[in-house]
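Trainee: Pasting a structure below so you can have a look.
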Protein chains: 2
Amino acid sequence: MSNKIMDGKAIAAAIKIEIAKEVAAMIDADVKAPHLAAILVGTNPASETYVVSKKKACQDVGMTSTTYRLEETVSEAELISTIKFLNEDPDIDGFIVQLPLPDHINTDKIIESIDPSKDVDGFHPQNIGRMQLGLPTYLPATPFGIAELLKRSNIDLDGKHCVVLGRSNIVGTPISILLSRKNKYGNATVTLCHSRSKDIGNFTRQADVLIAAIGQPDYVKADMVKPGAIVIDVGIHRIEDNTLEKGYRLTGDVDFKSVFPIVDKITPVPGGVGPMTIVSLLQNTLSAAKRLIYQ
Amino acid sequence: MSNKIMDGKAIAAAIKIEIAKEVAAMIDADVKAPHLAAILVGTNPASETYVVSKKKACQDVGMTSTTYRLEETVSEAELISTIKFLNEDPDIDGFIVQLPLPDHINTDKIIESIDPSKDVDGFHPQNIGRMQLGLPTYLPATPFGIAELLKRSNIDLDGKHCVVLGRSNIVGTPISILLSRKNKYGNATVTLCHSRSKDIGNFTRQADVLIAAIGQPDYVKADMVKPGAIVIDVGIHRIEDNTLEKGYRLTGDVDFKSVFPIVDKITPVPGGVGPMTIVSLLQNTLSAAKRLIYQ
């Protein structure tokens with residue numbers, strides 16, 4: 001593989017081995033294995049896939065996992081009582097509520113009802129606030145994965161200009177904050193661009209590190225990238241392509257083919273940010289089991 | 001006054017009149033007046049001054065205020081039990097713990113022990129996280145004041161490039177997030193610069209709106225500002241000056257004299273951001289009394 005490629009799949013595999021060793025050591029010391037639970041409401045196929053791959057990732061590292069399935073028609077009150085049950089169950093170290101939820105349920109209210117000490121998705125406002133304050137917290141999985149990918153690729157962000165495209169609650173906004181903090185990942189000068197920004201190319205061309213999380217296939221073209229930049233592609237889109245046997249190709253928010261020749265390093269799609277995300281959830285679950293964030 | 005000057009004092013006075021009217025209407029409707037409490041530990045002269053001016057501001061608008069004074073030597077546990085008392089006292093709508101606290105007290109722990117629904121300083125991680133998520137919250141006073149000052153000066157940030165100097169937890173970081181949100185204050189493209197940023201002038205010269213909260217007197221010079229920019233000066237410093245009878249002059253983070261001629265608008269020091277800050281605390285207290293943020 002070209003040494004320009006930031007191989008998220010390989011880095012994630014290495015982190016998984018580290019986690020598996022820690023879990024094995026806990027079991028050797030007669031501490032129970034970390035236990036991650038997931039609440040899955042309804043039968044959204046994408047959600048099913050995510051929950052299955054989280055379960056599989058747990059198995060790979062020796063963690064216990066349990067899925068709680070609730071009907072699409074479950075009431076908000078019933079969902080909250082399931083959450084309260086998991087909040088109080090000492091056997092569960094952390095849990096997630098797989099999103100999206102059905103329309104009749106207030107997602108913000110659901111997330112706020114999770115005990116922050118078990119919120120391994122890092123979506124509870126208290127954990128988000130702690131990240132902003134530089135306090136110990138569960139980092140949301142995708143920003144956590146991006147930060148680890150940069151760090152393990154020996155990219156030092158100190159004083160670099162990082163431009164983030166997209167201000168979503170789960171990727172763009174938190175990564176923009178995380179990389180500007182005074183911490184091991186951070187110290188970058190960060191510009192956050194979004195749908196209302198004018199002349200986005202003017203910003204992206206100044207970026208030492210460009211993080212594309214804008215949700216539009218092939219949005220970033222070569223003429224928007226500074227030669228020698230580091231490019232992180234958070235998007236993943238399925239594009240119809242009848243010249244291929246499977247009928248589609250996967251692409252990201254970056255037009256990889258045109259951008260690749262001019263960058264210093266770039267993440268591929270798939271195999272870049274994606275694998276880092278799921279391994280970050282495992283890291284948070286391990287931190288929860290070891291009571292590293294909350295005592 | 002030059003129409004280039006953003007007169008925080010006058011705008012704050014106007015907001016105070018609005019708040020006083022709302023408080024009077026509550027009392028007319030036989031609802032008790034909003035009640036703000038402050039906990040003051042020790043006898044730090046600056047803290048004394050702040051608490052006195054908050055008390056005075058409450059009086060001006062008809063709110064009730066109470067100060068709880070604790071000895072410098074108070075234990076963390078005693079301070080927390082005072083906080084718990086206020087958390088539970090139904091007569092108190094909101095309260096603040098005046099910072100800084102003595103070194104033997106863990107400030108993060110103290111702030112997290114405040115009930116978020118009474119945290120009118122907006123310092124609790126949960127309220128900070130809610131701001132980031134765009135949920136109803138108590139905005140921290142200085143960012144709230146800056147945002148209102150811009151709004152009431154009819155400055156539309158939509159799509160503008162806003163550069164923030166300084167990443168403190170109480171000013172730089174939250175204002176950088178607030179102005180990038182999809183809300184009535186926001187939609188700006190925001191760059192956050194700080195002590196580790198390189199070539200800060202390169203960023204500030206691109207700013208349509210420049211917010212200086214870097215804590216260094218006269219840091220921003222004319223050659224760092226784009227002609228026609230809006231400049232918000234958050235700093236306030238007392239500089240020795242024996243040519244003046246009082247022996248000092250006040251200045252901000254901006255070298256006002258050199259910058260004034262080239263800007264579109266600028267805040268003075270004093271009389272710019274300062275008066276907006278205290279009035280923001282009153283607005284949060286009113287929101288608390290009216291249960292606008294938490295039910």
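Letters A, B, ... mark the chains of the structure tokens in the order given; residue numbers begin at 1 per chain; ligand numbers begin at 1, in order shown.
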Could you pull the residues within 9 Å of Ile19 of chain A, counting only C-alpha atoms, minus those fewer than 4 positions along the same chain, as a PyMOL selection string?
Mentor: chain A and resi 14-15+23-24+61-62+282-283+286
Trainee: Name all residues at most 12 Å from Asn127 of chain A (count only C-alpha atoms; drop same-chain ones fewer than 5 positions away) and give them as a VMD selection string.
Mentor: (chain A and resid 111 to 112 114 to 122 132 to 140 174 284 293 to 294) or (chain B and resid 112 124 to 130 132 to 133)
Trainee: Let's have the selection written as a PDB file, in the first residue's frame, with C-alpha atoms.
Mentor:
ATOM      1  CA  ILE A 111     -29.668  10.674  25.399  1.00  0.00           C
ATOM      2  CA  GLU A 112     -29.974  12.831  28.520  1.00  0.00           C
ATOM      3  CA  ILE A 114     -28.377   7.774  29.938  1.00  0.00           C
ATOM      4  CA  ASP A 115     -26.107   7.797  32.982  1.00  0.00           C
ATOM      5  CA  PRO A 116     -23.073   9.810  31.763  1.00  0.00           C
ATOM      6  CA  SER A 117     -20.743   7.269  33.372  1.00  0.00           C
ATOM      7  CA  LYS A 118     -22.129   4.573  31.049  1.00  0.00           C
ATOM      8  CA  ASP A 119     -22.498   6.763  27.944  1.00  0.00           C
ATOM      9  CA  VAL A 120     -19.775   5.109  25.867  1.00  0.00           C
ATOM     10  CA  ASP A 121     -21.036   6.797  22.691  1.00  0.00           C
ATOM     11  CA  GLY A 122     -20.046  10.100  24.339  1.00  0.00           C
ATOM     12  CA  GLN A 132     -14.862  21.023  25.617  1.00  0.00           C
ATOM     13  CA  LEU A 133     -13.459  21.704  29.098  1.00  0.00           C
ATOM     14  CA  GLY A 134     -10.580  19.275  28.552  1.00  0.00           C
ATOM     15  CA  LEU A 135     -11.827  17.007  31.377  1.00  0.00           C
ATOM     16  CA  PRO A 136     -11.716  13.187  31.237  1.00  0.00           C
ATOM     17  CA  THR A 137     -14.621  11.967  29.135  1.00  0.00           C
ATOM     18  CA  TYR A 138     -15.853   9.443  26.615  1.00  0.00           C
ATOM     19  CA  LEU A 139     -14.977  10.983  23.271  1.00  0.00           C
ATOM     20  CA  PRO A 140     -17.579  10.382  20.559  1.00  0.00           C
ATOM     21  CA  PRO A 174     -16.630  17.702  18.193  1.00  0.00           C
ATOM     22  CA  ASN A 284     -14.584   3.768  25.668  1.00  0.00           C
ATOM     23  CA  ILE A 293     -13.490   8.511  33.430  1.00  0.00           C
ATOM     24  CA  TYR A 294     -15.935   8.429  36.341  1.00  0.00           C
TER      25      TYR A 294
ATOM     26  CA  GLU B 112     -20.342  19.580  38.558  1.00  0.00           C
ATOM     27  CA  HIS B 124     -21.713  23.045  34.228  1.00  0.00           C
ATOM     28  CA  PRO B 125     -20.495  20.556  31.573  1.00  0.00           C
ATOM     29  CA  GLN B 126     -24.085  19.588  30.856  1.00  0.00           C
ATOM     30  CA  ASN B 127     -24.996  23.178  29.962  1.00  0.00           C
ATOM     31  CA  ILE B 128     -21.825  23.559  27.925  1.00  0.00           C
ATOM     32  CA  GLY B 129     -22.655  20.354  26.066  1.00  0.00           C
ATOM     33  CA  ARG B 130     -26.186  21.579  25.439  1.00  0.00           C
ATOM     34  CA  GLN B 132     -22.678  22.702  21.557  1.00  0.00           C
ATOM     35  CA  LEU B 133     -25.690  20.578  20.611  1.00  0.00           C
TER      36      LEU B 133
END
Trainee: Would you kindly report the residues of chain A within 10 Å of chain B, using only C-alpha atoms, as a PyMOL selection string?
Mentor: chain A and resi 108+112+116+123-135+158-163+167-170+173-174+176-177+180-182+186-200+203
Trainee: How would the residues just chosen look if you wrote them out with N, CA and C atoms as a compact mmCIF listing (two decimals), in the first residue's frame?
Mentor:
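Written file, part00.txt:
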# COMPACT_ATOMS: atom_id res chain seq x y z
N ASP A 108 -33.09 13.75 22.01
CA ASP A 108 -32.32 14.50 23.02
C ASP A 108 -32.67 14.03 24.43
N GLU A 112 -30.19 12.25 27.19
CA GLU A 112 -29.97 12.83 28.52
C GLU A 112 -30.38 11.88 29.64
N PRO A 116 -24.30 9.41 32.47
CA PRO A 116 -23.07 9.81 31.76
C PRO A 116 -21.90 8.85 31.97
N PHE A 123 -22.31 10.81 23.76
CA PHE A 123 -23.31 11.73 23.21
C PHE A 123 -24.03 12.55 24.29
N HIS A 124 -23.91 12.16 25.56
CA HIS A 124 -24.60 12.92 26.61
C HIS A 124 -23.99 14.31 26.71
N PRO A 125 -24.85 15.36 26.85
CA PRO A 125 -24.32 16.72 26.94
C PRO A 125 -23.21 16.88 27.98
N GLN A 126 -23.34 16.16 29.09
CA GLN A 126 -22.30 16.29 30.11
C GLN A 126 -20.94 15.81 29.61
N ASN A 127 -20.93 14.73 28.84
CA ASN A 127 -19.66 14.24 28.30
C ASN A 127 -19.13 15.16 27.20
N ILE A 128 -20.05 15.71 26.43
CA ILE A 128 -19.66 16.68 25.40
C ILE A 128 -19.05 17.91 26.05
N GLY A 129 -19.71 18.40 27.11
CA GLY A 129 -19.19 19.56 27.84
C GLY A 129 -17.82 19.27 28.43
N ARG A 130 -17.65 18.07 28.96
CA ARG A 130 -16.35 17.71 29.53
C ARG A 130 -15.26 17.70 28.47
N MET A 131 -15.58 17.25 27.28
CA MET A 131 -14.58 17.29 26.21
C MET A 131 -14.15 18.73 25.97
N GLN A 132 -15.16 19.61 25.88
CA GLN A 132 -14.86 21.02 25.62
C GLN A 132 -14.00 21.63 26.71
N LEU A 133 -14.22 21.18 27.96
CA LEU A 133 -13.46 21.70 29.10
C LEU A 133 -12.11 21.01 29.26
N GLY A 134 -11.85 20.00 28.43
CA GLY A 134 -10.58 19.28 28.55
C GLY A 134 -10.57 18.31 29.73
N LEU A 135 -11.75 17.95 30.26
CA LEU A 135 -11.83 17.01 31.38
C LEU A 135 -11.91 15.58 30.84
N ASP A 158 0.33 20.31 16.45
CA ASP A 158 0.68 21.51 17.20
C ASP A 158 0.96 22.71 16.27
N GLY A 159 0.09 23.72 16.36
CA GLY A 159 0.28 24.93 15.56
C GLY A 159 -0.13 24.80 14.10
N LYS A 160 -0.56 23.61 13.70
CA LYS A 160 -1.01 23.43 12.31
C LYS A 160 -2.40 24.03 12.12
N HIS A 161 -2.72 24.37 10.88
CA HIS A 161 -4.05 24.86 10.57
C HIS A 161 -4.90 23.69 10.09
N CYS A 162 -5.94 23.42 10.85
CA CYS A 162 -6.84 22.31 10.54
C CYS A 162 -8.18 22.89 10.12
N VAL A 163 -8.66 22.50 8.95
CA VAL A 163 -9.97 22.97 8.47
C VAL A 163 -10.93 21.78 8.48
N ARG A 167 -20.53 20.61 10.34
CA ARG A 167 -20.66 20.94 11.78
C ARG A 167 -21.64 20.01 12.48
N SER A 168 -21.69 18.75 12.08
CA SER A 168 -22.63 17.82 12.72
C SER A 168 -22.25 17.63 14.18
N ASN A 169 -23.26 17.22 14.96
CA ASN A 169 -23.03 16.99 16.39
C ASN A 169 -22.13 15.80 16.66
N ILE A 170 -22.09 14.85 15.74
CA ILE A 170 -21.32 13.64 16.05
C ILE A 170 -19.94 13.61 15.39
N THR A 173 -18.45 19.13 14.50
CA THR A 173 -18.30 20.01 15.66
C THR A 173 -17.34 19.43 16.71
N PRO A 174 -17.55 18.18 17.15
CA PRO A 174 -16.63 17.70 18.19
C PRO A 174 -15.18 17.57 17.73
N SER A 176 -13.68 19.47 15.62
CA SER A 176 -13.13 20.83 15.55
C SER A 176 -12.72 21.30 16.94
N ILE A 177 -13.49 20.92 17.95
CA ILE A 177 -13.16 21.32 19.32
C ILE A 177 -11.98 20.50 19.84
N SER A 180 -8.53 21.51 18.78
CA SER A 180 -8.05 22.84 19.21
C SER A 180 -7.69 22.86 20.70
N ARG A 181 -7.98 21.76 21.42
CA ARG A 181 -7.69 21.72 22.86
C ARG A 181 -6.20 21.64 23.13
N LYS A 182 -5.85 21.97 24.37
CA LYS A 182 -4.47 21.81 24.83
C LYS A 182 -4.33 20.38 25.35
N GLY A 186 -4.30 17.75 20.31
CA GLY A 186 -4.72 19.05 19.85
C GLY A 186 -3.66 20.06 19.56
N ASN A 187 -3.98 21.30 19.96
CA ASN A 187 -3.13 22.47 19.76
C ASN A 187 -3.12 22.95 18.31
N ALA A 188 -4.07 22.49 17.51
CA ALA A 188 -4.18 23.01 16.14
C ALA A 188 -5.00 24.32 16.16
N THR A 189 -4.72 25.17 15.18
CA THR A 189 -5.61 26.29 14.87
C THR A 189 -6.72 25.71 14.00
N VAL A 190 -7.97 25.85 14.42
CA VAL A 190 -9.04 25.14 13.71
C VAL A 190 -10.06 26.09 13.10
N THR A 191 -10.39 25.85 11.84
CA THR A 191 -11.49 26.57 11.19
C THR A 191 -12.61 25.58 10.91
N LEU A 192 -13.82 25.94 11.33
CA LEU A 192 -14.99 25.08 11.10
C LEU A 192 -15.86 25.69 10.01
N CYS A 193 -15.96 24.98 8.89
CA CYS A 193 -16.81 25.42 7.77
C CYS A 193 -18.06 24.55 7.70
N HIS A 194 -19.10 25.06 7.10
CA HIS A 194 -20.38 24.33 7.04
C HIS A 194 -21.21 24.87 5.88
N SER A 195 -22.46 24.44 5.85
CA SER A 195 -23.32 24.74 4.71
C SER A 195 -23.51 26.24 4.45
N ARG A 196 -23.35 27.08 5.47
CA ARG A 196 -23.53 28.51 5.29
C ARG A 196 -22.22 29.24 5.00
N SER A 197 -21.11 28.52 5.00
CA SER A 197 -19.82 29.18 4.75
C SER A 197 -19.74 29.64 3.31
N LYS A 198 -19.06 30.77 3.12
CA LYS A 198 -18.87 31.27 1.75
C LYS A 198 -17.47 30.92 1.27
N ASP A 199 -17.34 30.61 -0.02
CA ASP A 199 -16.04 30.32 -0.63
C ASP A 199 -15.23 29.33 0.19
N ILE A 200 -15.78 28.13 0.33
CA ILE A 200 -15.14 27.12 1.17
C ILE A 200 -13.73 26.80 0.68
N PHE A 203 -10.87 28.48 2.27
CA PHE A 203 -10.42 27.94 3.56
C PHE A 203 -9.67 26.64 3.37
Trainee: B:Gln98, B:Asn3, B:Ser280, B:Ser75: which is nearest Ala37 of chain B, counting only C-alpha atoms?
Mentor: B:Gln98
Trainee: What separation in Å, quoted to one decimal, exists between atom CA of Ile230 of chain A and atom CA of Gly272 of chain A?
Mentor: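 The value is 12.9 Å.
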Trainee: Can you tell me which residues surround segment 50-53 of chain B at a distance of at most 8 Å, considering only C-alpha atoms, apart from same-chain residues fewer than 6 positions away, and format the answer as a PyMOL selection string?
Mentor: chain B and resi 38+40+67+98
Trainee: How would the residues just chosen look if you wrote them out with C-alpha atoms as a PDB file, in the first residue's frame?
Mentor:
ATOM      1  CA  ALA B  38     -23.950  33.820  45.001  1.00  0.00           C
ATOM      2  CA  LEU B  40     -18.371  33.747  47.844  1.00  0.00           C
ATOM      3  CA  THR B  67     -24.782  36.196  49.116  1.00  0.00           C
ATOM      4  CA  GLN B  98     -17.777  33.024  42.406  1.00  0.00           C
TER       5      GLN B  98
END
Trainee: Write out as a PDB file with C-alpha atoms, in the first residue's frame each polymer residue whose atoms come within 12 Å of Leu149 of chain B, counting only C-alpha atoms; drop sequence neighbours fewer than 4 positions from it.
Mentor:
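Writing the result to out22.pdb gives the following:
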ATOM      1  CA  ILE B   5     -18.529  52.440  18.578  1.00  0.00           C
ATOM      2  CA  MET B   6     -20.576  49.459  19.733  1.00  0.00           C
ATOM      3  CA  ASP B   7     -21.883  50.912  22.957  1.00  0.00           C
ATOM      4  CA  GLY B   8     -22.187  47.931  25.306  1.00  0.00           C
ATOM      5  CA  LYS B   9     -23.129  50.174  28.194  1.00  0.00           C
ATOM      6  CA  ALA B  10     -26.157  51.604  26.392  1.00  0.00           C
ATOM      7  CA  ILE B  11     -27.247  48.222  25.011  1.00  0.00           C
ATOM      8  CA  ALA B  12     -26.893  46.614  28.431  1.00  0.00           C
ATOM      9  CA  ALA B  13     -28.971  49.422  29.948  1.00  0.00           C
ATOM     10  CA  ALA B  14     -31.703  48.794  27.388  1.00  0.00           C
ATOM     11  CA  ILE B  15     -31.718  45.060  28.155  1.00  0.00           C
ATOM     12  CA  ALA B 141     -22.240  35.266  30.471  1.00  0.00           C
ATOM     13  CA  THR B 142     -19.430  36.695  28.348  1.00  0.00           C
ATOM     14  CA  PRO B 143     -20.164  34.741  25.139  1.00  0.00           C
ATOM     15  CA  PHE B 144     -23.876  35.428  25.661  1.00  0.00           C
ATOM     16  CA  GLY B 145     -23.099  39.135  26.065  1.00  0.00           C
ATOM     17  CA  SER B 153     -25.950  46.073  16.687  1.00  0.00           C
ATOM     18  CA  ASN B 154     -27.619  44.478  13.636  1.00  0.00           C
ATOM     19  CA  ILE B 155     -24.511  42.603  12.614  1.00  0.00           C
ATOM     20  CA  ASP B 156     -25.495  39.528  10.660  1.00  0.00           C
ATOM     21  CA  TYR B 185     -26.493  34.281  16.687  1.00  0.00           C
ATOM     22  CA  ILE B 230     -15.952  44.388  13.166  1.00  0.00           C
ATOM     23  CA  VAL B 231     -13.745  44.149  16.261  1.00  0.00           C
ATOM     24  CA  ILE B 232     -14.880  42.883  19.675  1.00  0.00           C
ATOM     25  CA  ASP B 233     -12.432  43.493  22.502  1.00  0.00           C
ATOM     26  CA  VAL B 234     -12.955  41.173  25.474  1.00  0.00           C
ATOM     27  CA  LYS B 265     -17.322  48.906  14.219  1.00  0.00           C
ATOM     28  CA  ILE B 266     -15.462  48.285  17.469  1.00  0.00           C
ATOM     29  CA  THR B 267     -16.236  47.855  21.174  1.00  0.00           C
ATOM     30  CA  GLY B 271     -18.071  50.115  28.230  1.00  0.00           C
ATOM     31  CA  GLY B 272     -18.105  47.396  25.572  1.00  0.00           C
ATOM     32  CA  VAL B 273     -18.257  43.718  26.457  1.00  0.00           C
ATOM     33  CA  GLY B 274     -18.051  44.235  30.249  1.00  0.00           C
ATOM     34  CA  PRO B 275     -21.557  45.648  30.833  1.00  0.00           C
ATOM     35  CA  MET B 276     -23.032  42.990  28.526  1.00  0.00           C
ATOM     36  CA  THR B 277     -21.598  40.221  30.693  1.00  0.00           C
ATOM     37  CA  VAL B 279     -26.691  41.690  32.105  1.00  0.00           C
ATOM     38  CA  SER B 280     -26.386  38.195  30.608  1.00  0.00           C
TER      39      SER B 280
END
Trainee: So the first atom is atom CA of Asp253 of chain A and the second is atom CA of Val97 of chain A; what is the distance between them in Å, to one decimal place?
Mentor: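 Atom CA of Asp253 of chain A sits 26.6 Å away from atom CA of Val97 of chain A.
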Trainee: Work out how far apart atom CA of Ala25 of chain B and atom CA of Ala57 of chain B are and give it in Å to one decimal.
Mentor: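 So the answer is 18.0 Å.
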Trainee: Using only C-alpha atoms, which of A:Gly247, A:Gly235, A:Gly172, A:Pro100 sits nearest Thr43 of chain A?
Mentor: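 Nearest to Thr43 of chain A: A:Pro100.
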Trainee: Enumerate the residues of segment 134-210 of chain B with a DSSP assignment of strand (DSSP E or B), computed from the backbone, and present them as JSON, numbers by chain.
Mentor: {"B": [161, 162, 163, 164, 165, 189, 190, 191, 192, 193, 209, 210]}
Trainee: Next, dump the selected residues to file, keeping only C-alpha atoms, as a PDB file, in the first residue's frame.
Mentor:
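Generated output (result14.pdb):
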ATOM      1  CA  HIS B 161     -15.620  34.686   8.735  1.00  0.00           C
ATOM      2  CA  CYS B 162     -15.189  35.134  12.466  1.00  0.00           C
ATOM      3  CA  VAL B 163     -11.744  34.758  14.026  1.00  0.00           C
ATOM      4  CA  VAL B 164     -11.536  34.235  17.788  1.00  0.00           C
ATOM      5  CA  LEU B 165      -8.263  34.836  19.636  1.00  0.00           C
ATOM      6  CA  THR B 189     -17.375  30.301   9.612  1.00  0.00           C
ATOM      7  CA  VAL B 190     -15.204  30.352  12.724  1.00  0.00           C
ATOM      8  CA  THR B 191     -11.440  30.076  13.205  1.00  0.00           C
ATOM      9  CA  LEU B 192     -10.160  29.604  16.767  1.00  0.00           C
ATOM     10  CA  CYS B 193      -6.600  30.828  17.369  1.00  0.00           C
ATOM     11  CA  VAL B 209     -15.428  39.755  12.687  1.00  0.00           C
ATOM     12  CA  LEU B 210     -12.476  39.603  15.079  1.00  0.00           C
TER      13      LEU B 210
END
